[in-house]
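Source file: query_24.txt (compact mmCIF, C-alpha atoms and all ligand atoms)
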# COMPACT_ATOMS: atom_id res chain seq x y z
CA MET A 198 5.54 19.58 -15.30
CA MET A 199 7.75 19.62 -18.34
CA LEU A 200 10.31 22.19 -19.30
CA ILE A 201 11.58 22.49 -22.83
CA ARG A 202 14.26 25.06 -23.34
CA VAL A 203 15.84 26.06 -26.57
CA CYS A 204 19.33 27.30 -25.95
CA ASN A 205 20.71 30.35 -27.55
CA GLY A 206 24.09 31.49 -26.34
CA LYS A 207 25.44 29.03 -23.86
CA GLU A 208 25.32 26.02 -26.16
CA PRO A 209 27.25 25.63 -29.44
CA LYS A 210 25.77 27.74 -32.16
CA GLY A 211 23.36 26.19 -34.59
CA VAL A 212 22.39 23.27 -32.33
CA LEU A 213 19.01 22.94 -30.79
CA TYR A 214 18.88 21.28 -27.36
CA LEU A 215 15.91 19.96 -25.52
CA TYR A 216 15.63 19.75 -21.77
CA ALA A 217 13.01 17.55 -20.24
CA LEU A 218 12.18 16.60 -16.71
CA LYS A 219 11.89 12.86 -16.54
CA ALA A 220 11.02 11.25 -13.21
CA GLY A 221 12.59 14.16 -11.36
CA VAL A 222 15.83 14.12 -13.37
CA PHE A 223 16.74 16.62 -16.05
CA THR A 224 17.84 15.10 -19.30
CA LYS A 225 19.41 17.05 -22.12
CA ARG A 226 19.22 15.88 -25.67
CA ARG A 227 20.57 17.19 -28.91
CA PHE A 228 17.43 17.98 -30.83
CA GLY A 229 18.59 18.85 -34.36
CA PHE A 230 20.19 21.67 -36.29
CA PHE A 231 18.55 24.97 -36.98
CA THR A 232 19.39 27.77 -39.26
CA GLY A 233 17.37 30.66 -37.82
CA ILE A 234 18.68 32.99 -35.14
CA ALA A 235 18.10 32.07 -31.55
CA ASP A 236 15.67 34.86 -30.73
CA GLN A 237 13.28 33.68 -33.34
CA LEU A 238 13.17 30.17 -32.00
CA GLY A 239 10.35 30.82 -29.56
CA THR A 240 7.92 31.47 -32.37
CA GLY A 241 9.89 29.47 -34.90
CA VAL A 242 9.53 26.12 -33.12
CA SER A 243 6.09 25.46 -34.57
CA ASN A 244 7.45 25.93 -38.08
CA ILE A 245 10.36 23.64 -37.43
CA LEU A 246 7.93 20.99 -36.13
CA ALA A 247 6.83 20.36 -39.68
CA ASN A 248 10.23 18.83 -40.20
CA GLU A 249 9.90 15.07 -40.29
CA LYS A 250 13.11 14.49 -38.38
CA ILE A 251 11.82 16.50 -35.47
CA GLU A 252 8.49 14.66 -35.56
CA LEU A 253 10.38 11.62 -34.35
CA GLN A 254 11.74 13.59 -31.42
CA LEU A 255 8.26 14.88 -30.73
CA GLU A 256 7.10 11.33 -30.07
CA GLU A 257 9.66 11.26 -27.28
CA ILE A 258 8.30 14.53 -25.89
CA ARG A 259 4.79 13.06 -25.95
CA GLN A 260 6.09 10.07 -24.02
CA TYR A 261 7.58 12.32 -21.35
CA LYS A 262 4.28 14.15 -21.23
CA THR A 263 2.34 10.91 -20.70
CA GLN A 264 4.72 9.91 -17.94
CA LEU A 265 4.49 13.27 -16.22
CA GLU A 266 0.71 13.28 -16.49
CA GLN A 267 0.64 9.86 -14.86
CA GLU A 268 3.00 10.99 -12.11
CA ASN A 269 0.82 14.04 -11.51
CA ARG A 270 -2.36 11.98 -11.33
CA TYR A 271 -0.74 9.61 -8.85
CA LEU A 272 0.52 12.51 -6.75
CA LYS A 273 -2.91 14.13 -6.63
CA GLU A 274 -4.55 10.87 -5.55
CA GLU A 275 -1.91 10.34 -2.86
CA ARG A 276 -2.31 13.87 -1.51
CA LYS A 277 -6.04 13.36 -1.12
CA LYS A 278 -5.40 10.57 1.37
CA ASP A 279 -5.46 11.60 4.98
CA ARG A 280 -2.34 9.80 6.15
CA LEU A 281 -0.86 9.75 9.61
CA PRO A 282 2.54 11.50 9.70
CA ALA A 283 5.38 9.05 10.31
CA ASP A 284 6.21 10.54 13.72
CA LYS A 285 2.60 10.10 14.85
CA ALA A 286 2.57 6.30 15.15
CA ILE A 287 0.95 5.66 18.51
CA GLY A 288 2.16 3.12 21.04
CA ARG A 289 5.12 2.70 23.38
CA SER A 290 4.76 -0.95 24.38
CA ALA A 291 7.95 -3.03 24.35
CA ALA A 292 6.62 -4.98 21.34
CA ILE A 293 6.12 -1.90 19.18
CA ARG A 294 9.30 -0.16 20.41
CA ASN A 295 11.20 -3.14 19.12
CA VAL A 296 9.60 -2.49 15.70
CA TYR A 297 10.52 1.22 15.78
CA GLU A 298 14.13 0.25 16.55
CA LEU A 299 14.25 -2.05 13.53
CA VAL A 300 12.79 0.71 11.35
CA GLU A 301 15.49 3.09 12.54
CA LYS A 302 18.22 0.55 11.79
CA VAL A 303 17.10 -0.30 8.27
CA ALA A 304 15.69 3.00 6.99
CA ALA A 305 18.96 4.61 5.88
CA SER A 306 20.05 1.62 3.78
CA ASP A 307 18.65 0.40 0.47
CA ALA A 308 17.93 -3.05 1.94
CA THR A 309 14.70 -4.75 0.89
CA VAL A 310 12.28 -4.99 3.80
CA LEU A 311 9.51 -7.54 4.30
CA ILE A 312 6.83 -6.41 6.76
CA LEU A 313 4.82 -9.26 8.24
CA GLY A 314 1.76 -9.14 10.45
CA GLU A 315 -1.96 -9.70 10.68
CA THR A 316 -4.38 -7.45 8.85
CA GLY A 317 -4.74 -3.96 10.32
CA THR A 318 -1.59 -4.07 12.46
CA GLY A 319 -0.06 -1.01 10.78
CA LYS A 320 2.13 -2.54 8.05
CA GLU A 321 1.48 0.27 5.61
CA LEU A 322 2.17 2.84 8.30
CA ILE A 323 5.54 1.21 9.00
CA ALA A 324 6.33 1.14 5.26
CA HIS A 325 5.75 4.92 5.19
CA GLN A 326 7.95 5.34 8.24
CA ILE A 327 10.79 3.46 6.55
CA HIS A 328 10.48 5.60 3.42
CA ASP A 329 10.07 8.87 5.33
CA SER A 330 13.22 8.16 7.37
CA SER A 331 15.27 7.15 4.31
CA PRO A 332 17.45 9.26 2.01
CA ARG A 333 14.69 8.76 -0.61
CA ARG A 334 12.15 10.68 1.47
CA ASP A 335 12.02 13.68 -0.90
CA LYS A 336 10.33 11.53 -3.52
CA LEU A 337 6.90 10.03 -3.12
CA MET A 338 6.66 6.40 -2.00
CA ILE A 339 4.80 4.47 -4.71
CA LYS A 340 2.34 1.78 -3.63
CA VAL A 341 0.97 -1.25 -5.44
CA ASN A 342 -1.65 -3.45 -3.80
CA CYS A 343 -0.94 -6.81 -5.41
CA ALA A 344 -4.32 -8.20 -4.28
CA ALA A 345 -6.42 -5.33 -5.61
CA ILE A 346 -5.32 -5.53 -9.25
CA PRO A 347 -6.59 -8.28 -11.56
CA ALA A 348 -3.78 -10.69 -12.48
CA ASN A 349 -3.97 -9.80 -16.19
CA LEU A 350 -3.37 -6.10 -15.47
CA LEU A 351 -0.68 -6.49 -12.85
CA GLU A 352 2.24 -6.71 -15.27
CA SER A 353 1.26 -3.43 -16.91
CA GLU A 354 0.68 -1.86 -13.48
CA LEU A 355 4.17 -2.82 -12.35
CA PHE A 356 6.20 -2.52 -15.53
CA GLY A 357 4.07 -0.40 -17.88
CA HIS A 358 3.25 -1.00 -21.53
CA GLU A 359 3.74 0.52 -24.93
CA LYS A 360 0.85 1.82 -26.96
CA GLY A 361 -0.89 -1.00 -28.85
CA SER A 362 1.10 -3.72 -27.07
CA PHE A 363 -2.11 -5.63 -26.30
CA THR A 364 -5.82 -5.23 -26.97
CA GLY A 365 -6.99 -2.21 -25.05
CA ALA A 366 -3.53 -0.65 -24.69
CA LEU A 367 -4.64 2.58 -26.37
CA ASP A 368 -1.96 4.68 -24.71
CA LYS A 369 1.50 4.06 -23.48
CA ARG A 370 1.64 3.55 -19.70
CA ILE A 371 4.49 4.03 -17.27
CA GLY A 372 4.58 1.28 -14.65
CA LYS A 373 4.93 1.77 -10.92
CA PHE A 374 8.54 0.52 -11.01
CA GLU A 375 9.53 3.42 -13.27
CA LEU A 376 7.45 5.87 -11.22
CA ALA A 377 9.37 4.68 -8.14
CA ASP A 378 12.77 5.28 -9.73
CA ASN A 379 15.06 6.75 -7.03
CA SER A 380 12.27 6.20 -4.51
CA THR A 381 10.58 3.35 -2.63
CA LEU A 382 8.10 0.87 -4.10
CA PHE A 383 5.72 -0.54 -1.50
CA LEU A 384 4.37 -3.90 -2.64
CA ASP A 385 1.41 -4.52 -0.36
CA GLU A 386 -0.18 -7.98 -0.06
CA ILE A 387 2.82 -9.52 -1.84
CA GLY A 388 1.54 -12.99 -0.88
CA GLU A 389 -1.23 -12.55 -3.44
CA LEU A 390 1.15 -12.12 -6.37
CA PRO A 391 0.30 -14.66 -9.11
CA PRO A 392 3.09 -17.16 -9.96
CA GLU A 393 3.97 -15.70 -13.38
CA MET A 394 4.33 -12.24 -11.84
CA GLN A 395 6.49 -13.67 -9.06
CA ALA A 396 8.99 -14.76 -11.74
CA LYS A 397 8.93 -11.33 -13.41
CA LEU A 398 9.29 -9.50 -10.12
CA LEU A 399 12.22 -11.71 -9.16
CA ARG A 400 13.97 -10.85 -12.44
CA ALA A 401 13.37 -7.12 -11.93
CA LEU A 402 14.80 -7.33 -8.40
CA GLN A 403 17.85 -9.32 -9.49
CA GLU A 404 18.69 -7.34 -12.60
CA LYS A 405 17.48 -3.91 -11.38
CA GLU A 406 15.94 -3.38 -14.77
CA ILE A 407 12.47 -3.78 -16.19
CA GLU A 408 10.84 -4.13 -19.57
CA ARG A 409 7.53 -2.57 -20.50
CA ILE A 410 5.01 -4.88 -22.19
CA GLY A 411 5.70 -4.49 -25.90
CA GLY A 412 8.84 -2.50 -25.08
CA LYS A 413 11.98 -2.61 -27.18
CA GLY A 414 14.56 -2.66 -24.45
CA LEU A 415 15.36 -2.91 -20.78
CA ILE A 416 15.09 0.15 -18.55
CA LYS A 417 17.43 0.56 -15.56
CA VAL A 418 15.66 1.43 -12.33
CA ASN A 419 16.93 2.33 -8.88
CA VAL A 420 14.08 1.26 -6.61
CA ARG A 421 14.05 0.36 -2.92
CA ILE A 422 11.52 -2.39 -2.25
CA VAL A 423 9.38 -2.64 0.87
CA ALA A 424 6.89 -5.52 0.71
CA ALA A 425 4.15 -6.52 3.15
CA THR A 426 1.88 -9.46 3.69
CA ASN A 427 -0.48 -10.90 6.26
CA LYS A 428 0.19 -14.39 4.91
CA ASN A 429 2.68 -16.87 6.26
CA LEU A 430 4.95 -16.99 3.21
CA GLU A 431 6.84 -20.02 4.45
CA GLU A 432 3.54 -21.93 4.47
CA GLU A 433 2.77 -20.52 1.03
CA ILE A 434 6.13 -21.89 -0.21
CA VAL A 435 5.36 -25.33 1.19
CA ALA A 436 1.94 -25.20 -0.49
CA GLY A 437 3.66 -24.34 -3.78
CA ARG A 438 2.01 -20.93 -4.04
CA PHE A 439 5.05 -18.72 -3.46
CA ARG A 440 8.52 -18.99 -4.95
CA SER A 441 11.20 -19.60 -2.36
CA ASP A 442 13.82 -17.67 -4.38
CA LEU A 443 11.57 -14.57 -4.40
CA TYR A 444 10.90 -15.01 -0.69
CA TYR A 445 14.63 -14.97 0.13
CA ARG A 446 15.11 -11.90 -2.12
CA LEU A 447 12.35 -10.07 -0.26
CA CYS A 448 13.12 -11.29 3.23
CA VAL A 449 16.48 -9.52 3.51
CA PHE A 450 15.26 -7.57 6.53
CA PRO A 451 11.99 -8.90 7.99
CA ILE A 452 9.94 -6.85 10.44
CA THR A 453 7.04 -8.57 12.20
CA LEU A 454 4.28 -6.39 13.61
CA PRO A 455 2.67 -7.59 16.84
CA PRO A 456 -1.11 -8.03 16.87
CA LEU A 457 -3.00 -5.59 19.10
CA ARG A 458 -3.90 -8.35 21.58
CA GLU A 459 -0.16 -8.69 22.30
CA ARG A 460 0.25 -4.98 22.99
CA ARG A 461 -2.86 -4.23 25.03
CA GLU A 462 -0.96 -1.58 27.00
CA ASP A 463 -1.07 0.58 23.84
CA ILE A 464 -4.89 0.49 23.70
CA PRO A 465 -5.50 3.55 25.98
CA ALA A 466 -3.15 5.76 23.92
CA LEU A 467 -4.65 4.53 20.65
CA VAL A 468 -8.19 5.07 21.94
CA SER A 469 -7.39 8.67 23.03
CA PHE A 470 -5.74 9.35 19.69
CA PHE A 471 -8.73 8.06 17.69
CA ILE A 472 -11.28 9.82 19.94
CA GLU A 473 -9.51 13.11 19.31
CA LYS A 474 -9.15 12.42 15.59
CA TYR A 475 -12.83 11.61 15.05
CA ALA A 476 -14.25 14.11 17.56
CA VAL A 477 -12.39 16.92 15.78
CA GLY A 478 -13.38 15.50 12.38
CA SER A 479 -17.07 15.37 13.27
CA GLY A 480 -17.16 18.55 15.38
CA ARG A 481 -18.15 16.70 18.59
CA LYS A 482 -16.95 17.66 22.03
CA ILE A 483 -15.88 14.28 23.35
CA THR A 484 -12.99 14.48 25.74
CA GLY A 485 -12.30 10.90 26.80
CA ILE A 486 -13.50 7.45 27.78
CA ALA A 487 -14.74 6.09 31.11
CA PRO A 488 -12.38 3.58 32.84
CA LYS A 489 -14.95 0.74 32.63
CA ALA A 490 -15.45 1.25 28.90
CA LEU A 491 -11.69 1.30 28.38
CA GLN A 492 -11.41 -1.91 30.39
CA LYS A 493 -13.93 -3.52 28.07
CA LEU A 494 -11.89 -2.50 25.05
CA LYS A 495 -8.71 -3.85 26.63
CA ALA A 496 -10.38 -7.23 27.21
CA TYR A 497 -11.59 -7.64 23.64
CA SER A 498 -9.58 -9.97 21.34
CA TRP A 499 -9.19 -7.49 18.40
CA PRO A 500 -9.08 -9.84 15.43
CA GLY A 501 -9.06 -6.80 13.14
CA ASN A 502 -6.30 -5.10 15.16
CA ILE A 503 -5.76 -1.32 15.04
CA ARG A 504 -8.00 -0.83 12.01
CA GLU A 505 -10.88 -2.49 13.86
CA LEU A 506 -10.24 -0.35 16.95
CA GLU A 507 -10.11 2.78 14.81
CA HIS A 508 -13.40 1.98 13.06
CA LEU A 509 -15.06 1.15 16.38
CA ILE A 510 -14.01 4.49 17.89
CA GLU A 511 -15.10 6.34 14.75
CA ARG A 512 -18.56 4.71 15.02
CA THR A 513 -18.79 5.26 18.75
CA VAL A 514 -17.87 8.96 18.49
CA LEU A 515 -20.74 9.44 16.04
CA LEU A 516 -23.19 7.65 18.34
CA THR A 517 -22.12 9.39 21.57
CA SER A 518 -24.00 12.43 22.77
CA THR A 519 -22.16 12.80 26.11
CA SER A 520 -18.68 14.29 26.59
CA ILE A 521 -17.26 10.96 27.78
CA ILE A 522 -17.58 7.60 26.03
CA THR A 523 -19.15 5.13 28.43
CA GLU A 524 -19.86 1.40 28.25
CA VAL A 525 -23.36 2.25 27.03
CA SER A 526 -22.02 4.00 23.95
CA LEU A 527 -19.84 1.07 22.91
CA PRO A 528 -21.28 -1.41 20.39
CA SER A 529 -23.26 -4.23 21.99
CA LYS A 530 -21.60 -7.56 22.76
CA ASN A 531 -22.88 -9.33 19.68
CA LYS A 532 -21.31 -6.63 17.49
CA MET A 533 -17.97 -7.04 19.23
CA LEU A 534 -17.97 -10.67 18.32
CA PHE A 535 -15.44 -12.02 20.77
CA SER A 536 -16.05 -9.65 23.64
CA ARG A 537 -15.65 -11.27 27.03
CA PRO A 538 -15.25 -9.70 30.47
CA ASP A 539 -11.75 -11.11 30.69
CA ALA A 540 -10.43 -12.36 27.39
CA GLU A 541 -7.16 -13.58 28.92
CA THR A 542 -8.59 -16.09 31.36
CA GLN A 543 -12.01 -17.14 30.17
CA VAL A 544 -12.28 -20.63 28.70
CA ARG A 545 -13.52 -20.31 25.16
CA SER A 546 -16.18 -22.57 23.70
CA LEU A 547 -15.45 -24.76 20.68
CA ALA A 548 -17.88 -22.66 18.63
CA ASP A 549 -15.93 -19.51 19.58
CA VAL A 550 -12.65 -21.04 18.46
CA GLU A 551 -14.22 -22.30 15.23
CA ARG A 552 -15.81 -18.92 14.56
CA GLU A 553 -12.54 -17.09 15.19
CA HIS A 554 -10.61 -19.45 12.92
CA ILE A 555 -13.15 -19.16 10.09
CA LEU A 556 -13.14 -15.37 10.37
CA LYS A 557 -9.35 -15.31 10.31
CA MET A 558 -9.30 -17.37 7.10
CA ILE A 559 -11.94 -15.13 5.48
CA ARG A 560 -9.94 -12.05 6.37
CA LEU A 561 -6.78 -13.66 5.03
CA SER A 562 -8.74 -14.28 1.81
CA ASN A 563 -9.70 -10.60 1.66
CA GLY A 564 -13.34 -11.43 2.30
CA ARG A 565 -13.55 -14.04 -0.46
CA ILE A 566 -15.42 -17.24 0.40
CA SER A 567 -15.28 -19.28 -2.78
CA GLY A 568 -12.88 -19.50 -5.72
CA ALA A 569 -9.20 -20.40 -5.80
CA ALA A 570 -8.22 -17.59 -3.41
CA GLY A 571 -11.28 -18.03 -1.19
CA ALA A 572 -11.47 -19.06 2.47
CA ALA A 573 -13.18 -22.39 1.63
CA VAL A 574 -10.02 -23.62 -0.11
CA LYS A 575 -7.85 -22.59 2.88
CA LEU A 576 -10.21 -24.40 5.24
CA GLN A 577 -10.39 -27.42 2.90
CA LEU A 578 -14.17 -27.26 2.87
CA PRO A 579 -16.68 -27.10 0.01
CA SER A 580 -17.85 -23.48 -0.14
CA THR A 581 -21.48 -24.54 0.48
CA THR A 582 -20.39 -26.19 3.77
CA LEU A 583 -18.49 -23.08 4.77
CA ILE A 584 -21.48 -20.85 4.02
CA SER A 585 -23.80 -23.01 6.14
CA LYS A 586 -21.22 -23.05 8.98
CA MET A 587 -21.04 -19.26 8.79
CA GLN A 588 -24.82 -19.06 9.07
CA LYS A 589 -24.82 -21.41 12.06
CA LEU A 590 -22.06 -19.44 13.82
CA GLY A 591 -23.71 -16.10 13.05
CA ILE A 592 -20.82 -14.85 10.88
CA ARG A 593 -22.07 -12.04 8.68
CA LYS A 594 -20.40 -9.81 6.10
CA GLU A 595 -20.09 -6.88 8.47
CA HIS A 596 -17.84 -9.03 10.68
CA PHE A 597 -15.13 -9.19 8.03
CA ILE A 598 -15.60 -6.36 5.56
CA ASP A 599 -14.95 -3.30 7.71
CA SER A 600 -11.50 -3.03 6.09
CA GLY A 601 -13.34 -2.07 2.92
CA LYS A 602 -12.20 -5.17 1.08
CA GLU A 603 -14.32 -6.89 -1.50
CA THR A 604 -16.17 -10.11 -1.02
CA GLY A 605 -17.11 -12.76 -3.54
N1 LIG A 701 0.69 2.83 15.65
C1 LIG A 701 -0.41 3.37 15.10
N2 LIG A 701 -0.87 4.55 15.52
C2 LIG A 701 -1.98 5.09 15.02
N3 LIG A 701 -2.70 4.54 14.02
C3 LIG A 701 -2.26 3.39 13.54
C4 LIG A 701 -1.10 2.74 14.03
N4 LIG A 701 -0.90 1.60 13.34
C5 LIG A 701 -1.91 1.54 12.45
N5 LIG A 701 -2.72 2.60 12.56
C6 LIG A 701 -3.93 2.87 11.76
O1 LIG A 701 -4.64 1.63 11.62
C7 LIG A 701 -5.15 1.49 10.29
C8 LIG A 701 -4.59 0.21 9.68
O2 LIG A 701 -3.18 0.36 9.46
P1 LIG A 701 -2.47 -0.15 8.14
O3 LIG A 701 -3.33 0.10 6.93
O4 LIG A 701 -1.08 0.39 8.12
O5 LIG A 701 -2.47 -1.73 8.45
P2 LIG A 701 -2.00 -2.94 7.53
O6 LIG A 701 -1.32 -3.90 8.43
O7 LIG A 701 -1.24 -2.42 6.36
O8 LIG A 701 -3.40 -3.56 7.05
P3 LIG A 701 -3.66 -4.64 5.86
O9 LIG A 701 -2.94 -5.89 6.21
O10 LIG A 701 -5.13 -4.85 5.91
O11 LIG A 701 -3.18 -4.00 4.60
C9 LIG A 701 -4.72 2.75 9.55
O12 LIG A 701 -5.80 3.67 9.56
C10 LIG A 701 -3.54 3.27 10.34
O13 LIG A 701 -3.40 4.67 10.23
Structure translated into structure tokens:
Amino acid sequence: MMLIRVCNGKEPKGVLYLYALKAGVFTKRRFGFFTGIADQLGTGVSNILANEKIELQLEEIRQYKTQLEQENRYLKEERKKDRLPADKAIGRSAAIRNVYELVEKVAASDATVLILGETGTGKELIAHQIHDSSPRRDKLMIKVNCAAIPANLLESELFGHEKGSFTGALDKRIGKFELADNSTLFLDEIGELPPEMQAKLLRALQEKEIERIGGKGLIKVNVRIVAATNKNLEEEIVAGRFRSDLYYRLCVFPITLPPLRERREDIPALVSFFIEKYAVGSGRKITGIAPKALQKLKAYSWPGNIRELEHLIERTVLLTSTSIITEVSLPSKNKMLFSRPDAETQVRSLADVEREHILKMIRLSNGRISGAAGAAVKLQLPSTTLISKMQKLGIRKEHFIDSGKETG
């Protein structure tokens, strides 16, 4: 939304002022002189626009318009997402209560937070909780997934660009840093940030100002950073893939999320919550889960954590025709790859351990097998060897792509 108001009595006579809403803040600018009487300005503006001097100002109005259109588009996309309200995070185990306490302590400040934890443990949910409990909560939290955007587009995504600043830059673009002004910027999968962007991000964090690609000056921004990763950044530093100075800038207040296998006492509450969510969503009358089936879920190793549990319940709800989920309705053993009657005590075979480790590396590589960011490099294996190992161990795509991430 943009508001342009031409003032007529309250402002000094003969001066035209422009009011624009930029990133939630009203700015007032002297627009030029006029000679007509104020009442005529409503219809007279189009005549005045012919004036070359005002044309220049119009460019600025167009820029505001582009920015507001981008903000609107982002808002609409965000609203479409069915997100869990911050106060709805399920789980009261000691491990997760410790996390909630840290969230409470840090939320009110502007401190940079680094959320660590395996994939699907709820890092994004915690980022939302921090934002929603902070004084910035009235503005939308802006998210960038550093792994989902090709390296050559990431700079423009974060900092924006001016029209014509590079081939294909047909329009000016406001970056996510500017969109997050006076709000929170959630940098998901920060461990995937390419080295040249790490340097630029570090500068933006230190100076609290950014420069659009092709821009003529620096723009001050007031942004609270929350970053997340499922990578061990200290290992990444040792391997030369992550800058230590950026790490220390980000790791002002680290929060580590426990994997689901370390908070098994939360499984019953999570299962009930997801059964209700998906039963309501699909119009099924499923009221609960049989104790034996729940026991089976509690014994499983949950490499995909809460996301995997959620997807499993969603699937099971669709396949269940009774009012209670029983063992029979749960996916068969070979679908729940590591299912064992008692995961805590059973001795695992070498193949099991190898399979679990390979899957973990593939998930850490966002489903990629080959290439510089692929699992083969992490495992120090030629990708052909990894592929044949996967075939031997029965690892298939569906075992690591239920988070919706790409493979390659
Ligand atoms: N405590 C919780 N209560 C209910 N649902 C949860 C909880 N934690 C996570 N979830 C759900 O589990 C799914 C995965 O959570 P989320 O996306 O926050 O994980 P993540 O750690 O950011 O994953 P990734 O590392 O893959 O980005 C989401 O659908 C989220 O709503």
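Using all atoms listed in the file for every distance, the candidate list A:His358, A:His596, A:Lys575, A:Arg438 yields A:His358 as the residue closest to Glu408 of chain A.
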With all atoms listed in the file as the basis for distance, which of A:Ala324, A:Ile522, A:Ile486, A:Ile559 is at the shortest distance from ligand LIG 701 (chain A)? A:Ala324
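Distances from A:Ile323, A:Leu516, A:Ile503, A:Leu255 to Leu299 of chain A were compared using all atoms listed in the file, and the smallest one belongs to A:Ile323.
Considering all atoms listed in the file, the residue among A:Thr426, A:Ser526, A:Thr316, A:Asn295 positioned nearest to ligand LIG 701 (chain A) is A:Thr316.
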Around ligand LIG 701 (chain A), at most 7 Å away and counting only C-alpha atoms and all ligand atoms, which residues are there? Put them as a ChimeraX atom specification, please. /A:280-281,285-288,314-323,385-386,426-427,467,503-504,507,600
Which of these, A:Phe383, A:Arg289, A:His325, A:Phe356, has the shortest distance to Pro465 of chain A once you count all atoms listed in the file? A:Arg289
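For the atom pair formed by atom CA of Lys594 of chain A and atom CA of Ser580 of chain A, the distance is 15.2 Å, given to one decimal.
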Select, counting all atoms listed in the file, all protein, DNA and RNA residues no farther than 12 Å from (-12.9, 3.3, 29.4) in file coordinates, and express the selection as a ChimeraX atom specification. /A:464-466,468-469,472,484-496,510,521-527
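Among the candidate residues A:Ser290, A:Ser306, A:Thr513, A:Thr381, the one lying nearest to Arg458 of chain A is A:Ser290, with distances computed using all atoms listed in the file.
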Which distance in Å separates atom CA of Thr519 of chain A and atom CA of Gly478 of chain A, to one decimal? 16.5 Å
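Taking atom CA of Glu553 of chain A as the reference point, atom CA of Gly591 of chain A is found at 11.4 Å.
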Can you complete the atoms of segment 457-471 of chain A to N, CA and C atoms and list them as a tab-separated table (two decimals), keeping the file's coordinate frame?
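In the end it all went to result_19.tsv:
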chain	number	residue	atom	x	y	z
A	457	LEU	N	-2.60	-6.49	18.01
A	457	LEU	CA	-3.00	-5.59	19.10
A	457	LEU	C	-3.20	-6.35	20.42
A	458	ARG	N	-3.66	-7.60	20.33
A	458	ARG	CA	-3.90	-8.35	21.58
A	458	ARG	C	-2.59	-8.64	22.32
A	459	GLU	N	-1.46	-8.49	21.63
A	459	GLU	CA	-0.16	-8.69	22.30
A	459	GLU	C	0.47	-7.37	22.73
A	460	ARG	N	-0.25	-6.29	22.53
A	460	ARG	CA	0.25	-4.98	22.99
A	460	ARG	C	-0.90	-4.18	23.57
A	461	ARG	N	-1.65	-4.86	24.47
A	461	ARG	CA	-2.86	-4.23	25.03
A	461	ARG	C	-2.54	-2.94	25.77
A	462	GLU	N	-1.29	-2.81	26.26
A	462	GLU	CA	-0.96	-1.58	27.00
A	462	GLU	C	-0.99	-0.35	26.09
A	463	ASP	N	-0.99	-0.56	24.77
A	463	ASP	CA	-1.07	0.58	23.84
A	463	ASP	C	-2.52	1.01	23.59
A	464	ILE	N	-3.49	0.20	24.02
A	464	ILE	CA	-4.89	0.49	23.70
A	464	ILE	C	-5.33	1.86	24.24
A	465	PRO	N	-5.04	2.23	25.51
A	465	PRO	CA	-5.50	3.55	25.98
A	465	PRO	C	-4.99	4.70	25.11
A	466	ALA	N	-3.71	4.67	24.74
A	466	ALA	CA	-3.15	5.76	23.92
A	466	ALA	C	-3.80	5.79	22.54
A	467	LEU	N	-4.01	4.60	21.98
A	467	LEU	CA	-4.65	4.53	20.65
A	467	LEU	C	-6.09	5.05	20.73
A	468	VAL	N	-6.79	4.64	21.79
A	468	VAL	CA	-8.19	5.07	21.94
A	468	VAL	C	-8.25	6.59	22.04
A	469	SER	N	-7.38	7.19	22.89
A	469	SER	CA	-7.39	8.67	23.03
A	469	SER	C	-7.10	9.32	21.69
A	470	PHE	N	-6.12	8.77	20.98
A	470	PHE	CA	-5.74	9.35	19.69
A	470	PHE	C	-6.92	9.31	18.71
A	471	PHE	N	-7.62	8.17	18.65
A	471	PHE	CA	-8.73	8.06	17.69
A	471	PHE	C	-9.94	8.89	18.14
